[in-house]
Amino acid sequence: MKKLVFLVLIFLHNLQGHCSTITWDGGAGSLNWSDANNWDSNSLPVAGDDVVINSDSVLLDFSTPVYSSVRIDDAILNIKSNGSLNLSNNGVIGFTITDSSKLYNYGEVSMLDSEGISVYVSFGSIVINFGTFDIQRTPTSPTSNDEGINLFNGAQFLNFLGAEVYIRNKGTFGLFISTSNCVLDNYGYIEITDTNGGLDNNGTLNNYASGEIKINCKKVGLDLFNLSTTTNYGEIWVSGVSEINTSNDAEGIYRFMANLQNNGRIRLNNVQGNPIIIRSPWENHGELIINNSALESIVIDDTLKNSGIITVNQSQNAGIFGDGSSSILQNFGNGEIYVNQPWMSAIYVTEKIDNEGLISVRQSNQYGLYSDSLINNGSASAVKCATGIYVSDFLQNGPEDMIIVDSCNTGINIGGFENRGVVQVSNGTFGKSLERRKVTSPFFNDGILEISSSHQSLYDPLTVSYSDHQNAAHIHNGTNGHIKVLNVTSNTPGLSLKSPLNNEGIIEINGTGMQGIYMQDVIDTSRNSGQIFINNTVDEGFRLSGFMVNSGEIEIDSSGTNGLIVATEGLQNNGRIEIDHTPGTGLGLSSGDNLNSGVIRVKNSLNHGISGSKLINVIGGGVQIINSGNNAISGIKRFINEGIVEIREAGKHGIFKTYHSDSLINYGTIQITDIDSAGIFFDSPNSPLLNIGSGQINISHAAVIGIYTRSDILNESTLDITNTGIGIVQSGSAFTNNGYADIKCPVAIEFNPSGFQDLFNNSRTGMLELEGSLKLMPSPMVNPPDQVNEGYIKQLSGTMPNIFNDFVNDGVYYDQNDSLTAFTSGFTNKGIIIKPQIGRMSQGIKEMDIIHAAAKPAFSVATSWYDPSYVGTFPSSVGTYSPSDDSFKPRGVSAPLLKSLKLTVSHSPLSISHDIIIPVVTKPCTNYRPMNFIGAVSSDWHTPENWDNGRLPDPCSIVTLQNGQTVNIPVETHARTNRFLSEPGSVFESDAGAVLEVLD
């Protein structure tokens, strides 16, 4: 259809002469049209005037004279229920609404004898109609650009319930939606009568449930074009289309690259051409009735989708016709199609007929149903037709009606197959029970398909082009489908497929000469949301080609070699996969994306449980591997876990990653136990282990090592390693803890550098509990960075080596085992060190060797300390901590009886706090340590730097006060030593209330 260049039209319109141009200036200060001073002439517009309103709001509440034209520009016009705007246009445009203007019509817009464009709405303007539009002209010869309403460039027309629009005798279209960003919403009544064309839509047309559109025109009733959208919930009538010329434009509805959705009712009667031509996909959700068409009633050049009712009566040619490569008829579950007494074929659609509802054809002189592909998921019937059903490529059998193809030379030999009933196949003529000739035709079973005692079972073609592989349709077993393949007698698979598999029901394969399911060169995605059972195969249980999504169950038992092999693209498991008793690998994964959100369970594999390249176990996913002969998970280059992974009883490693592997990222839970070697073994410098988010890694009873890695470890959540020879061994990598790590092994963490720097960083949010040694070995690097604790380390047992490689404590180090044996070898305390209380306490006498805090540490120690053994609601403080001298002063007569102390350290800006229970050790000594007072800082007994080993004496110390040194025990403080030796020339002093406890 020819479109208009509207700027030219507007220019021509402005050249025309009229009586006067009256412009609104709002001089009266009101909104009323009827105030004369609101107009630049200080008088009301009169008949024949051109009226212009710019950038203001105007109320019209009376019946105007008949103007020649009205233009509102960036303005609002409100026509009240008693108002009427009257025009008679003999020019180009009568009523112009432009530049984001709004028209509210509660009254009437009357345009009689209107030639040209009667109403022109443009540039984001909106018409909201609750009243009446009456547009007509005296019948004359058709002229171009003679339209009732034209919507242009962002315009909207809202016709509400009770509103009416009448358009009569226009030379081109009655209503023209000219650009893609225009919208017509109809809730009321629109009648287009005696126009050359009815309604031309290039934008959006919504006819709602209360809406009714009646069109009686000469040529095209509905012209839908240029990716427009037409949605009908109400009723549309098209009739009287009678003129046929060389353009064949006497169509009821013409669609080209447009979207038409019918949810209401469309009637087409006595159309001399084709009532409907479909040039682009169309969905009918309502009712379509076509009577007495002279040609094909519906012509399909693209896709017709129906979930409503289509009735075609007495077509003089085919009822529904499409002979192009894109001609597709899809009748959905609620859809009904009735074709009665066509002169030729009832439904002739070459590419595809897809029926999920009801198709009924009667008394056809040719074919009842003709297509390359017929998919019947509902009910299809052909009555009194010359040929009932002809399908060249694909046949489907629905659940209610039996579709039978006679004279087949094999059991079933077609391009595709679908069954919703019961089909039993055995002993095909050419040796194949069911052979598909075209992988591009779908295969669907939603009933029972049983293939038994067959020389060969279900086969795709032996030779398939690459193009057909790219376009291969699914082998689809529906939710009610049950495919049984039993006792294949030759050395062939149960299912030999070159098409993707989509299973929603049950596939049962028992006893095959090769694989249970063998897929080759599949490109598209396969899906299983049902159940697949494969037992007793001579070769692999399932060899998958292409990508597969499993949301159902796959069980493979007693396969001849491997269980499930993902050969090419990958696997997404949202359901359950269980593999048992395989002499090879249970599950072999490809280099593609392998995702699990369901359950994967592999048991009793003699080689690896799971091997391959990539595995992502997402939230909700569970992976369980039990009793694998080699590695439980082997060679997975990229492993991301957000769910649960459980590994038990592996003959070698739990998780094994080789050189050039990618990372292991854990957001979920990994549990590894009873492993003959390492729980996690990363033999690659490029495989970081990231335990982040809500991740938990629990490793226990690994015979050698919990985690061995040549790559970095980042823990931001929970890491728990118990009962392994060594907890973590890192070589040339970094350990960063931002979360919680609990390691209970003889050696908790051992850094073993191999020419690179091993880095240790327990961050401000990190909490590290150790029962075992922390071995931070020296680095071969020049000026290596510091090993840093910024958070909380609780070392319950084990030792810290003397060589710290510049270890800096900037957080809290709870050294319950007193493992910090020396502060002189690169150790720097910028935070807080907490030690056990060694020796009984005395009331009111300060203890000076529990807390050692640096100046302005990041964490602070609570002032009041408590007895953790107290049972009650309101425990009272058992003593007070003073940050000025790091002293704890017991209170109460029970101080000597306290067995432990509870204190809190906190980092207020980060809202981090730790409750610490420290023991009161009364029999601490297994060996005795000599130490000398050197007075490096002062004479204060309680200053660690004044002693040659950098620590304070305790009941296990043998103290020597050397010649010339003076030592002083400050007021009311408690000092302890096992033995005190004073050389000649030394001086011992004590202030009031000070206590020196010498145990020997």
# chains A, B, ... in the order shown; residues from 1 in each chain; ligands from 1
call {"tool": "select_by_dssp", "arguments": {"residues": "stretch 47-151 of chain A", "states": "strand (DSSP E)", "output": "ChimeraX atom specification"}}
result
/A:50-54,57-60,63-67,69-73,76-79,84-87,93-98,102-105,108-112,117-122,126-129,132-136,149-151
call {"tool": "write_last_selection", "arguments": {"atoms": "C-alpha atoms", "output": "PDB file, in the first residue's frame"}}
result
ATOM      1  CA  ASP A  50      -9.012  28.094  11.040  1.00  0.00           C
ATOM      2  CA  VAL A  51      -8.564  27.632  14.801  1.00  0.00           C
ATOM      3  CA  VAL A  52      -5.101  27.261  16.408  1.00  0.00           C
ATOM      4  CA  ILE A  53      -4.401  26.398  20.055  1.00  0.00           C
ATOM      5  CA  ASN A  54      -0.782  26.379  21.232  1.00  0.00           C
ATOM      6  CA  SER A  57      -5.355  23.782  28.282  1.00  0.00           C
ATOM      7  CA  VAL A  58      -8.796  24.565  26.866  1.00  0.00           C
ATOM      8  CA  LEU A  59     -12.339  23.494  27.864  1.00  0.00           C
ATOM      9  CA  LEU A  60     -15.071  23.274  25.253  1.00  0.00           C
ATOM     10  CA  SER A  63     -21.516  23.356  20.226  1.00  0.00           C
ATOM     11  CA  THR A  64     -19.168  25.295  17.982  1.00  0.00           C
ATOM     12  CA  PRO A  65     -19.815  26.672  14.537  1.00  0.00           C
ATOM     13  CA  VAL A  66     -18.521  24.638  11.637  1.00  0.00           C
ATOM     14  CA  TYR A  67     -14.852  25.531  11.338  1.00  0.00           C
ATOM     15  CA  SER A  69      -9.858  23.447  10.447  1.00  0.00           C
ATOM     16  CA  VAL A  70      -8.684  23.128  14.041  1.00  0.00           C
ATOM     17  CA  ARG A  71      -5.070  22.658  15.097  1.00  0.00           C
ATOM     18  CA  ILE A  72      -3.919  22.022  18.662  1.00  0.00           C
ATOM     19  CA  ASP A  73      -0.152  22.132  19.132  1.00  0.00           C
ATOM     20  CA  ILE A  76      -4.807  20.055  25.861  1.00  0.00           C
ATOM     21  CA  LEU A  77      -8.378  20.270  24.595  1.00  0.00           C
ATOM     22  CA  ASN A  78     -11.164  18.912  26.798  1.00  0.00           C
ATOM     23  CA  ILE A  79     -14.527  18.610  25.054  1.00  0.00           C
ATOM     24  CA  SER A  84     -19.401  19.609  20.204  1.00  0.00           C
ATOM     25  CA  LEU A  85     -16.560  20.478  17.845  1.00  0.00           C
ATOM     26  CA  ASN A  86     -17.859  20.839  14.269  1.00  0.00           C
ATOM     27  CA  LEU A  87     -15.741  20.975  11.123  1.00  0.00           C
ATOM     28  CA  ILE A  93      -6.202  18.211   6.993  1.00  0.00           C
ATOM     29  CA  GLY A  94      -9.268  19.092   9.031  1.00  0.00           C
ATOM     30  CA  PHE A  95      -8.455  18.478  12.690  1.00  0.00           C
ATOM     31  CA  THR A  96      -4.721  18.443  13.577  1.00  0.00           C
ATOM     32  CA  ILE A  97      -3.603  17.222  17.011  1.00  0.00           C
ATOM     33  CA  THR A  98       0.168  17.410  17.228  1.00  0.00           C
ATOM     34  CA  LYS A 102      -4.087  15.716  24.311  1.00  0.00           C
ATOM     35  CA  LEU A 103      -7.720  15.635  23.275  1.00  0.00           C
ATOM     36  CA  TYR A 104     -10.301  14.522  25.831  1.00  0.00           C
ATOM     37  CA  ASN A 105     -13.620  14.069  24.081  1.00  0.00           C
ATOM     38  CA  GLU A 108     -18.829  15.020  19.934  1.00  0.00           C
ATOM     39  CA  VAL A 109     -16.406  15.704  17.126  1.00  0.00           C
ATOM     40  CA  SER A 110     -18.384  16.089  13.927  1.00  0.00           C
ATOM     41  CA  MET A 111     -16.671  16.317  10.563  1.00  0.00           C
ATOM     42  CA  LEU A 112     -19.241  16.359   7.775  1.00  0.00           C
ATOM     43  CA  ILE A 117      -7.385  13.730   6.188  1.00  0.00           C
ATOM     44  CA  SER A 118     -10.218  14.407   8.568  1.00  0.00           C
ATOM     45  CA  VAL A 119      -8.366  13.884  11.865  1.00  0.00           C
ATOM     46  CA  TYR A 120      -4.568  13.939  11.959  1.00  0.00           C
ATOM     47  CA  VAL A 121      -2.962  12.904  15.288  1.00  0.00           C
ATOM     48  CA  SER A 122       0.823  13.117  15.374  1.00  0.00           C
ATOM     49  CA  ILE A 126      -3.158  11.383  22.484  1.00  0.00           C
ATOM     50  CA  VAL A 127      -6.871  11.253  21.788  1.00  0.00           C
ATOM     51  CA  ILE A 128      -9.006   9.955  24.666  1.00  0.00           C
ATOM     52  CA  ASN A 129     -12.544   9.438  23.462  1.00  0.00           C
ATOM     53  CA  THR A 132     -18.520  10.378  19.519  1.00  0.00           C
ATOM     54  CA  PHE A 133     -16.491  10.968  16.387  1.00  0.00           C
ATOM     55  CA  ASP A 134     -18.692  11.314  13.287  1.00  0.00           C
ATOM     56  CA  ILE A 135     -16.617  11.583  10.088  1.00  0.00           C
ATOM     57  CA  GLN A 136     -18.166  11.412   6.635  1.00  0.00           C
ATOM     58  CA  ILE A 149      -8.335   9.281  11.080  1.00  0.00           C
ATOM     59  CA  ASN A 150      -4.574   9.242  10.580  1.00  0.00           C
ATOM     60  CA  LEU A 151      -2.251   8.398  13.504  1.00  0.00           C
TER      61      LEU A 151
END
call {"tool": "residues_around", "arguments": {"residues": "A:Trp343", "least_positions_apart": "3", "cutoff": "8 Å", "atoms": "only C-alpha atoms", "output": "ChimeraX atom specification"}}
result
/A:314-318,364-365
call {"tool": "atom_distance", "arguments": {"atom1": "atom CA of A:Lys899", "atom2": "atom CA of A:Asp991"}}
result
28.0 Å
call {"tool": "atom_distance", "arguments": {"atom1": "atom CA of A:Phe735", "atom2": "atom CA of A:Phe807"}}
result
13.6 Å
call {"tool": "residues_around", "arguments": {"residues": "stretch 283-296 of chain A", "least_positions_apart": "4", "cutoff": "7 Å", "atoms": "only C-alpha atoms", "output": "ChimeraX atom specification"}}
result
/A:260-275,304-321
call {"tool": "write_last_selection", "arguments": {"atoms": "C-alpha atoms", "output": "mmCIF file, in the first residue's frame"}}
result
data_model
loop_
_atom_site.group_PDB
_atom_site.id
_atom_site.type_symbol
_atom_site.label_atom_id
_atom_site.label_comp_id
_atom_site.auth_asym_id
_atom_site.auth_seq_id
_atom_site.Cartn_x
_atom_site.Cartn_y
_atom_site.Cartn_z
ATOM 1 C CA LEU A 260 -2.238 -10.418 14.426
ATOM 2 C CA GLN A 261 -3.644 -12.017 17.575
ATOM 3 C CA ASN A 262 -7.334 -12.735 17.690
ATOM 4 C CA ASN A 263 -8.817 -13.424 21.103
ATOM 5 C CA GLY A 264 -12.295 -12.369 20.185
ATOM 6 C CA ARG A 265 -14.397 -12.931 17.065
ATOM 7 C CA ILE A 266 -13.681 -12.089 13.419
ATOM 8 C CA ARG A 267 -16.341 -12.647 10.746
ATOM 9 C CA LEU A 268 -15.712 -12.493 6.998
ATOM 10 C CA ASN A 269 -18.647 -12.979 4.653
ATOM 11 C CA ASN A 270 -18.983 -13.033 0.870
ATOM 12 C CA VAL A 271 -15.408 -12.010 0.085
ATOM 13 C CA GLN A 272 -14.777 -12.297 -3.622
ATOM 14 C CA GLY A 273 -11.005 -12.678 -3.157
ATOM 15 C CA ASN A 274 -9.183 -14.381 -0.305
ATOM 16 C CA PRO A 275 -10.767 -13.548 3.052
ATOM 17 C CA LEU A 304 -1.086 -19.663 11.415
ATOM 18 C CA LYS A 305 -1.352 -20.426 15.136
ATOM 19 C CA ASN A 306 -4.817 -21.174 16.425
ATOM 20 C CA SER A 307 -6.028 -21.654 19.950
ATOM 21 C CA GLY A 308 -9.515 -20.411 19.178
ATOM 22 C CA ILE A 309 -12.192 -21.517 16.699
ATOM 23 C CA ILE A 310 -11.885 -21.332 12.916
ATOM 24 C CA THR A 311 -14.896 -22.230 10.792
ATOM 25 C CA VAL A 312 -14.739 -22.245 6.973
ATOM 26 C CA ASN A 313 -17.878 -23.051 5.021
ATOM 27 C CA GLN A 314 -18.336 -23.645 1.302
ATOM 28 C CA SER A 315 -15.075 -22.336 -0.054
ATOM 29 C CA GLN A 316 -14.924 -22.449 -3.837
ATOM 30 C CA ASN A 317 -11.303 -23.577 -3.678
ATOM 31 C CA ALA A 318 -9.284 -24.912 -0.715
ATOM 32 C CA GLY A 319 -10.484 -24.096 2.736
ATOM 33 C CA ILE A 320 -7.014 -23.441 4.198
ATOM 34 C CA PHE A 321 -4.195 -23.311 1.668
#
call {"tool": "residues_around", "arguments": {"residues": "A:Ala895", "least_positions_apart": "4", "cutoff": "8 Å", "atoms": "only C-alpha atoms", "output": "list in words"}}
result
Arg840, Met841, Ser842, Gln843, Val878, Pro890 and Arg891 of chain A
call {"tool": "write_last_selection", "arguments": {"atoms": "C-alpha atoms", "output": "PDB file, in the first residue's frame"}}
result
ATOM      1  CA  ARG A 840      46.432 -19.384  89.882  1.00  0.00           C
ATOM      2  CA  MET A 841      45.302 -15.787  90.381  1.00  0.00           C
ATOM      3  CA  SER A 842      45.065 -13.648  93.494  1.00  0.00           C
ATOM      4  CA  GLN A 843      42.308 -11.194  94.310  1.00  0.00           C
ATOM      5  CA  VAL A 878      35.238 -11.755  87.717  1.00  0.00           C
ATOM      6  CA  PRO A 890      40.789 -10.399  89.384  1.00  0.00           C
ATOM      7  CA  ARG A 891      38.123  -9.561  91.890  1.00  0.00           C
TER       8      ARG A 891
END
call {"tool": "closest_residue", "arguments": {"among": "A:Ser684, A:Thr673, A:Ser551, A:Thr960", "to": "A:Phe933", "atoms": "only C-alpha atoms"}}
result
A:Thr960
call {"tool": "residues_around", "arguments": {"residues": "stretch 636-647 of chain A", "least_positions_apart": "6", "cutoff": "8 Å", "atoms": "only C-alpha atoms", "output": "ChimeraX atom specification"}}
result
/A:597,611-626,654,656-658,660-673,695
call {"tool": "atom_distance", "arguments": {"atom1": "atom CA of A:Thr463", "atom2": "atom CA of A:Pro442"}}
result
17.1 Å
call {"tool": "residues_around", "arguments": {"residues": "A:Gly791", "least_positions_apart": "2", "cutoff": "10 Å", "atoms": "only C-alpha atoms", "output": "PyMOL selection string"}}
result
chain A and resi 737-739+761-768+788-789+793+809-813+831+858-859+907+912
call {"tool": "select_by_dssp", "arguments": {"residues": "stretch 716-937 of chain A", "states": "helix (DSSP H, G or I)", "output": "ChimeraX atom specification"}}
result
/A:895-897,908-910
